[in-house]
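K.L.:
Submitted below is the structure of interest, expressed as structure tokens.
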Amino acid sequence: CVRGDRPIGRTVVVRAFSLQAGASLAEMTATSLPNSNEWALLVIDMQNDFCLPGSVLCVDGAMECLPRVLESVELARSRCIPVFWVIREHHPSGCDVELTRKHLFENGNTGATVAGTEGAKLVSELKPLSSEQIIVKKRWSAFFGTHLNLVLKRQGVKHLVISGVQTPNCIRGTAFDAIALDYEHVAVLADATASASRAVQEANIYDMEKAGVEVLTVDAWRQSLPSER
């Protein structure tokens with residue numbers, strides 16, 4: 001566990017988070033909880049072009065969920081749980097963007113989350129540590145076309161917790177791919193994720209839970225973890 005590392009650059013009602021099939025938190029002992037090195041927190045797409053008001057792909061609820069995203073990062077670090085920063089970056093020509101977003105790079109448009117631009121940077125409140133990995137993706141899922149699964153499996157990660165934006169696209173795509181890749185528990189932080197509207201957020205949270213994704217708040221996740229060391 002690395003603490004105090006130098007920085008680089010810059011409500012939904014939920015059920016209890018069950019960590020073992022058929023076992024509730026109340027039924028589990030501290031010794032039966034997974035080790036902190038079996039967890040990972042994914043922070044997805046908290047970049048200027050997705051979060052700042054007026055940005056090209058602004059998610060309306062992004063800045064509202066930012067304090068809880070910060071809390072989730074601080075919680076993970078305090079429990080020595082690795083944090084992975086997942087971001088989008090595209091070539092200035094848009095040659096690597098989805099066809100559905102190609103128009104953002106055409107007819108004089110300057111695109112979105114272009115590598116090296118302010119829009120591609122994380123919002124200023126979020127500062128990865130030099131020990132934390134940054135995963136660059138080109139599509140919704142953090143697993144599609146990236147080495148994320150390789151790195152997580154190499155580190156022995158079995159339990160994933162997901163925060164960031166936006167819920168119907170990148171959060172949902174990542175959660176479903178994690179289930180397909182047989183991670184033992186996949187959780188989405190309902191209050192540390194955001195959508196274009198509350199209705200969209202609640203509908204997608206409902207759908208994911210029905211598909212087997214754990215849904216919890218930052219506080220519920222904190223309560224499910226062993227005490228800070």
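Numbering starts fresh at 1 for the residues of each chain in the structure tokens, the chains themselves are lettered A, B, ... in the order given, and ligands are numbered from 1 as they appear.
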Residues of chain A classed as strand (DSSP E or B) by DSSP on the backbone are to be reported as an mmCIF file with C-alpha atoms, in the first residue's frame.
P.N.:
```cif
data_model
loop_
_atom_site.group_PDB
_atom_site.id
_atom_site.type_symbol
_atom_site.label_atom_id
_atom_site.label_comp_id
_atom_site.auth_asym_id
_atom_site.auth_seq_id
_atom_site.Cartn_x
_atom_site.Cartn_y
_atom_site.Cartn_z
ATOM 1 C CA PRO A 7 0.153 13.484 -7.411
ATOM 2 C CA GLN A 20 -20.361 -14.081 -0.880
ATOM 3 C CA ALA A 23 -24.284 -14.524 2.641
ATOM 4 C CA TRP A 39 -10.458 -5.327 -4.706
ATOM 5 C CA ALA A 40 -10.041 -2.569 -7.257
ATOM 6 C CA LEU A 41 -11.816 0.746 -7.793
ATOM 7 C CA LEU A 42 -12.366 1.912 -11.354
ATOM 8 C CA VAL A 43 -12.928 5.653 -11.845
ATOM 9 C CA ILE A 44 -14.310 6.131 -15.330
ATOM 10 C CA GLN A 47 -12.723 14.236 -17.691
ATOM 11 C CA VAL A 83 -7.421 2.748 -7.953
ATOM 12 C CA PHE A 84 -7.515 2.565 -11.745
ATOM 13 C CA TRP A 85 -8.251 5.743 -13.692
ATOM 14 C CA VAL A 86 -10.050 4.950 -16.944
ATOM 15 C CA ILE A 87 -10.135 7.742 -19.510
ATOM 16 C CA ARG A 88 -11.022 8.261 -23.170
ATOM 17 C CA HIS A 90 -8.819 10.075 -29.335
ATOM 18 C CA VAL A 114 -8.585 14.550 -27.904
ATOM 19 C CA LEU A 122 -9.356 14.692 -15.517
ATOM 20 C CA LEU A 129 -1.026 9.204 -7.581
ATOM 21 C CA GLN A 133 -2.511 3.218 -13.298
ATOM 22 C CA ILE A 134 -4.283 5.145 -16.040
ATOM 23 C CA ILE A 135 -6.116 3.039 -18.614
ATOM 24 C CA VAL A 136 -6.845 4.697 -21.975
ATOM 25 C CA LYS A 137 -9.868 3.404 -23.845
ATOM 26 C CA HIS A 159 -13.978 -7.713 -6.774
ATOM 27 C CA LEU A 160 -14.599 -4.535 -8.794
ATOM 28 C CA VAL A 161 -16.226 -1.297 -7.670
ATOM 29 C CA ILE A 162 -17.087 1.257 -10.344
ATOM 30 C CA SER A 163 -17.581 5.033 -10.165
ATOM 31 C CA GLY A 164 -17.672 7.860 -12.709
ATOM 32 C CA VAL A 165 -19.722 8.692 -15.814
ATOM 33 C CA HIS A 185 -18.445 -9.340 -7.511
ATOM 34 C CA VAL A 186 -19.062 -6.275 -9.644
ATOM 35 C CA ALA A 187 -20.470 -3.234 -7.868
ATOM 36 C CA VAL A 188 -21.581 0.182 -9.090
ATOM 37 C CA LEU A 189 -21.647 3.116 -6.676
ATOM 38 C CA ALA A 190 -25.070 4.645 -7.275
ATOM 39 C CA ASP A 191 -24.168 7.974 -5.687
ATOM 40 C CA ALA A 192 -20.705 8.202 -7.306
ATOM 41 C CA THR A 193 -22.008 7.742 -10.852
ATOM 42 C CA ALA A 194 -24.164 10.005 -12.990
ATOM 43 C CA GLU A 214 -24.206 -5.088 -7.019
ATOM 44 C CA VAL A 215 -25.604 -1.613 -6.322
ATOM 45 C CA LEU A 216 -24.512 0.354 -3.271
#
```
K.L.:
What lies within 10 Å of Ser36 (chain A) using only C-alpha atoms, ignoring chain neighbours under 2 positions off, as an mmCIF file with N, CA, C and O atoms, in the first residue's frame?
P.N.:
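To be explicit, this is the file written out as out.cif:
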```
data_model
loop_
_atom_site.group_PDB
_atom_site.id
_atom_site.type_symbol
_atom_site.label_atom_id
_atom_site.label_comp_id
_atom_site.auth_asym_id
_atom_site.auth_seq_id
_atom_site.Cartn_x
_atom_site.Cartn_y
_atom_site.Cartn_z
ATOM 1 N N CYS A 1 0.843 -1.203 0.000
ATOM 2 C CA CYS A 1 0.000 0.000 0.000
ATOM 3 C C CYS A 1 0.872 1.245 0.000
ATOM 4 O O CYS A 1 1.794 1.337 0.787
ATOM 5 N N LEU A 33 -14.132 -11.613 4.994
ATOM 6 C CA LEU A 33 -14.129 -10.582 3.964
ATOM 7 C C LEU A 33 -12.890 -10.730 3.086
ATOM 8 O O LEU A 33 -11.833 -11.137 3.555
ATOM 9 N N PRO A 34 -12.995 -10.398 1.797
ATOM 10 C CA PRO A 34 -11.834 -10.528 0.916
ATOM 11 C C PRO A 34 -10.724 -9.561 1.308
ATOM 12 O O PRO A 34 -10.979 -8.487 1.856
ATOM 13 N N GLU A 38 -7.619 -7.924 -3.229
ATOM 14 C CA GLU A 38 -8.549 -8.579 -4.150
ATOM 15 C C GLU A 38 -9.587 -7.609 -4.711
ATOM 16 O O GLU A 38 -10.419 -7.996 -5.520
ATOM 17 N N TRP A 39 -9.533 -6.354 -4.251
ATOM 18 C CA TRP A 39 -10.458 -5.327 -4.706
ATOM 19 C C TRP A 39 -9.759 -4.409 -5.702
ATOM 20 O O TRP A 39 -8.540 -4.273 -5.710
ATOM 21 N N ALA A 40 -10.540 -3.704 -6.487
ATOM 22 C CA ALA A 40 -10.041 -2.569 -7.257
ATOM 23 C C ALA A 40 -11.191 -1.592 -7.461
ATOM 24 O O ALA A 40 -12.354 -1.992 -7.587
ATOM 25 N N ALA A 76 -10.833 4.029 -0.972
ATOM 26 C CA ALA A 76 -9.995 2.973 -1.539
ATOM 27 C C ALA A 76 -8.550 3.122 -1.076
ATOM 28 O O ALA A 76 -7.914 2.146 -0.644
ATOM 29 N N ARG A 79 -7.835 2.034 2.456
ATOM 30 C CA ARG A 79 -7.881 0.578 2.668
ATOM 31 C C ARG A 79 -6.866 -0.152 1.780
ATOM 32 O O ARG A 79 -6.908 -1.364 1.665
ATOM 33 N N CYS A 80 -5.954 0.603 1.173
ATOM 34 C CA CYS A 80 -4.921 0.034 0.294
ATOM 35 C C CYS A 80 -5.533 -0.726 -0.886
ATOM 36 O O CYS A 80 -4.970 -1.729 -1.355
ATOM 37 N N ILE A 81 -6.669 -0.267 -1.365
ATOM 38 C CA ILE A 81 -7.322 -0.835 -2.548
ATOM 39 C C ILE A 81 -6.838 -0.070 -3.771
ATOM 40 O O ILE A 81 -6.915 1.159 -3.799
ATOM 41 N N PRO A 82 -6.319 -0.753 -4.786
ATOM 42 C CA PRO A 82 -5.798 -0.036 -5.954
ATOM 43 C C PRO A 82 -6.885 0.717 -6.715
ATOM 44 O O PRO A 82 -8.011 0.238 -6.854
ATOM 45 N N VAL A 157 -7.050 -9.403 -8.590
ATOM 46 C CA VAL A 157 -8.298 -8.710 -8.283
ATOM 47 C C VAL A 157 -9.484 -9.602 -8.628
ATOM 48 O O VAL A 157 -9.557 -10.175 -9.713
ATOM 49 N N HIS A 159 -12.803 -8.520 -7.107
ATOM 50 C CA HIS A 159 -13.978 -7.713 -6.774
ATOM 51 C C HIS A 159 -13.779 -6.304 -7.324
ATOM 52 O O HIS A 159 -12.796 -5.638 -6.991
ATOM 53 N N LEU A 225 -16.347 -2.911 4.266
ATOM 54 C CA LEU A 225 -14.913 -3.139 4.253
ATOM 55 C C LEU A 225 -14.370 -3.301 5.665
ATOM 56 O O LEU A 225 -14.931 -2.777 6.629
ATOM 57 N N PRO A 226 -13.242 -4.019 5.809
ATOM 58 C CA PRO A 226 -12.570 -4.057 7.109
ATOM 59 C C PRO A 226 -12.167 -2.654 7.547
ATOM 60 O O PRO A 226 -12.036 -1.754 6.704
#
```
K.L.:
Which is closest to Glu89 (chain A) among A:Lys158, A:Lys121, A:Arg77, A:Arg198, if we use only C-alpha atoms?
P.N.:
A:Lys121
K.L.:
Can you list, as a JSON list (two decimals) with N, CA and C atoms, in the first residue's frame, all residues belonging to region 6-200 of chain A that DSSP tags as alpha helix (DSSP H)?
P.N.:
```
[["chain", "number", "residue", "atom", "x", "y", "z"],
["A", 48, "ASN", "N", -12.75, 16.57, -18.30],
["A", 48, "ASN", "CA", -13.38, 17.87, -18.53],
["A", 48, "ASN", "C", -14.46, 17.83, -19.60],
["A", 49, "ASP", "N", -14.21, 17.13, -20.70],
["A", 49, "ASP", "CA", -15.19, 17.11, -21.79],
["A", 49, "ASP", "C", -16.47, 16.37, -21.43],
["A", 50, "PHE", "N", -16.45, 15.58, -20.38],
["A", 50, "PHE", "CA", -17.66, 14.90, -19.92],
["A", 50, "PHE", "C", -18.30, 15.58, -18.71],
["A", 51, "CYS", "N", -17.51, 16.36, -17.98],
["A", 51, "CYS", "CA", -17.98, 16.84, -16.67],
["A", 51, "CYS", "C", -18.27, 18.34, -16.59],
["A", 62, "ALA", "N", -22.67, 14.99, -13.69],
["A", 62, "ALA", "CA", -21.28, 14.63, -13.41],
["A", 62, "ALA", "C", -20.70, 15.41, -12.24],
["A", 63, "MET", "N", -20.85, 16.72, -12.25],
["A", 63, "MET", "CA", -20.26, 17.52, -11.18],
["A", 63, "MET", "C", -20.97, 17.29, -9.85],
["A", 64, "GLU", "N", -22.24, 16.94, -9.92],
["A", 64, "GLU", "CA", -22.98, 16.65, -8.70],
["A", 64, "GLU", "C", -22.46, 15.39, -8.00],
["A", 65, "CYS", "N", -22.03, 14.41, -8.79],
["A", 65, "CYS", "CA", -21.53, 13.18, -8.18],
["A", 65, "CYS", "C", -20.05, 13.26, -7.83],
["A", 66, "LEU", "N", -19.36, 14.31, -8.26],
["A", 66, "LEU", "CA", -17.92, 14.41, -8.04],
["A", 66, "LEU", "C", -17.51, 14.27, -6.57],
["A", 67, "PRO", "N", -18.17, 14.92, -5.61],
["A", 67, "PRO", "CA", -17.75, 14.74, -4.21],
["A", 67, "PRO", "C", -17.77, 13.28, -3.76],
["A", 68, "ARG", "N", -18.73, 12.51, -4.24],
["A", 68, "ARG", "CA", -18.80, 11.10, -3.86],
["A", 68, "ARG", "C", -17.74, 10.28, -4.59],
["A", 69, "VAL", "N", -17.40, 10.68, -5.81],
["A", 69, "VAL", "CA", -16.28, 10.03, -6.50],
["A", 69, "VAL", "C", -15.00, 10.25, -5.71],
["A", 70, "LEU", "N", -14.79, 11.49, -5.27],
["A", 70, "LEU", "CA", -13.62, 11.78, -4.43],
["A", 70, "LEU", "C", -13.62, 10.93, -3.16],
["A", 71, "GLU", "N", -14.77, 10.80, -2.54],
["A", 71, "GLU", "CA", -14.88, 9.97, -1.33],
["A", 71, "GLU", "C", -14.50, 8.53, -1.63],
["A", 72, "SER", "N", -14.97, 8.02, -2.76],
["A", 72, "SER", "CA", -14.66, 6.63, -3.10],
["A", 72, "SER", "C", -13.17, 6.43, -3.29],
["A", 73, "VAL", "N", -12.51, 7.40, -3.90],
["A", 73, "VAL", "CA", -11.06, 7.31, -4.11],
["A", 73, "VAL", "C", -10.33, 7.35, -2.76],
["A", 74, "GLU", "N", -10.73, 8.28, -1.90],
["A", 74, "GLU", "CA", -10.10, 8.38, -0.59],
["A", 74, "GLU", "C", -10.32, 7.11, 0.23],
["A", 75, "LEU", "N", -11.51, 6.54, 0.13],
["A", 75, "LEU", "CA", -11.82, 5.30, 0.84],
["A", 75, "LEU", "C", -10.93, 4.17, 0.33],
["A", 76, "ALA", "N", -10.83, 4.03, -0.97],
["A", 76, "ALA", "CA", -9.99, 2.97, -1.54],
["A", 76, "ALA", "C", -8.55, 3.12, -1.08],
["A", 77, "ARG", "N", -8.03, 4.32, -1.14],
["A", 77, "ARG", "CA", -6.63, 4.54, -0.74],
["A", 77, "ARG", "C", -6.43, 4.23, 0.74],
["A", 78, "SER", "N", -7.40, 4.58, 1.57],
["A", 78, "SER", "CA", -7.26, 4.33, 3.01],
["A", 78, "SER", "C", -7.27, 2.85, 3.35],
["A", 148, "LEU", "N", -6.77, -3.74, -19.39],
["A", 148, "LEU", "CA", -7.27, -3.68, -18.02],
["A", 148, "LEU", "C", -7.47, -5.08, -17.42],
["A", 149, "ASN", "N", -8.11, -5.97, -18.14],
["A", 149, "ASN", "CA", -8.36, -7.30, -17.60],
["A", 149, "ASN", "C", -7.06, -8.03, -17.27],
["A", 150, "LEU", "N", -6.08, -7.91, -18.15],
["A", 150, "LEU", "CA", -4.78, -8.54, -17.92],
["A", 150, "LEU", "C", -4.16, -8.04, -16.62],
["A", 151, "VAL", "N", -4.16, -6.73, -16.42],
["A", 151, "VAL", "CA", -3.54, -6.14, -15.23],
["A", 151, "VAL", "C", -4.29, -6.53, -13.96],
["A", 152, "LEU", "N", -5.62, -6.48, -14.01],
["A", 152, "LEU", "CA", -6.42, -6.84, -12.83],
["A", 152, "LEU", "C", -6.19, -8.30, -12.44],
["A", 153, "LYS", "N", -6.23, -9.19, -13.42],
["A", 153, "LYS", "CA", -6.04, -10.61, -13.13],
["A", 153, "LYS", "C", -4.63, -10.88, -12.63],
["A", 154, "ARG", "N", -3.64, -10.21, -13.18],
["A", 154, "ARG", "CA", -2.26, -10.37, -12.74],
["A", 154, "ARG", "C", -2.11, -9.95, -11.27],
["A", 172, "ARG", "N", -22.20, 1.09, -17.40],
["A", 172, "ARG", "CA", -22.96, -0.13, -17.70],
["A", 172, "ARG", "C", -22.13, -1.09, -18.58],
["A", 173, "GLY", "N", -21.50, -0.57, -19.62],
["A", 173, "GLY", "CA", -20.70, -1.41, -20.49],
["A", 173, "GLY", "C", -19.57, -2.09, -19.75],
["A", 174, "THR", "N", -18.90, -1.35, -18.87],
["A", 174, "THR", "CA", -17.81, -1.91, -18.08],
["A", 174, "THR", "C", -18.31, -2.96, -17.09],
["A", 175, "ALA", "N", -19.43, -2.67, -16.43],
["A", 175, "ALA", "CA", -19.98, -3.61, -15.44],
["A", 175, "ALA", "C", -20.38, -4.92, -16.11],
["A", 176, "PHE", "N", -21.04, -4.84, -17.24],
["A", 176, "PHE", "CA", -21.48, -6.07, -17.92],
["A", 176, "PHE", "C", -20.29, -6.87, -18.45],
["A", 177, "ASP", "N", -19.26, -6.19, -18.96],
["A", 177, "ASP", "CA", -18.07, -6.90, -19.40],
["A", 177, "ASP", "C", -17.36, -7.57, -18.23],
["A", 178, "ALA", "N", -17.33, -6.91, -17.08],
["A", 178, "ALA", "CA", -16.70, -7.49, -15.89],
["A", 178, "ALA", "C", -17.42, -8.77, -15.47],
["A", 179, "ILE", "N", -18.74, -8.76, -15.56],
["A", 179, "ILE", "CA", -19.51, -9.98, -15.25],
["A", 179, "ILE", "C", -19.17, -11.07, -16.26],
["A", 180, "ALA", "N", -19.10, -10.71, -17.53],
["A", 180, "ALA", "CA", -18.77, -11.69, -18.58],
["A", 180, "ALA", "C", -17.37, -12.26, -18.38],
["A", 198, "ARG", "N", -32.00, 12.13, -13.68],
["A", 198, "ARG", "CA", -32.27, 11.20, -12.59],
["A", 198, "ARG", "C", -33.04, 9.98, -13.09],
["A", 199, "ALA", "N", -33.96, 10.21, -14.03],
["A", 199, "ALA", "CA", -34.74, 9.09, -14.56],
["A", 199, "ALA", "C", -33.84, 8.08, -15.28],
["A", 200, "VAL", "N", -32.91, 8.59, -16.08],
["A", 200, "VAL", "CA", -31.98, 7.70, -16.78],
["A", 200, "VAL", "C", -31.10, 6.96, -15.78]]
```
K.L.:
I'd like to know which of A:Ala220, A:Ile205, A:Cys95, A:Leu52 is closest to Val123 (chain A), using only C-alpha atoms.
P.N.:
A:Leu52
K.L.:
Closest to Cys58 (chain A) among A:Ser93, A:Gln201, A:Gln223, A:Thr113, using only C-alpha atoms?
P.N.:
A:Thr113
K.L.:
Could you check how far CA of Phe105 (chain A) sits from CA of His91 (chain A), in Å to one decimal?
P.N.:
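Computing it gives 9.7 Å between the two atoms.
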K.L.:
Just to confirm, what's the straight-line distance from CA of Ala196 (chain A) to CA of Ala211 (chain A) in Å (one decimal)?
P.N.:
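These two atoms are separated by 21.6 Å.
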K.L.:
If we count only C-alpha atoms and set the cut-off at 12 Å, which residues sit around Lys102 (chain A), ignoring sequence neighbours fewer than 5 positions away in its own chain? Please answer as a PyMOL selection string.
P.N.:
chain A and resi 90-97+107-112
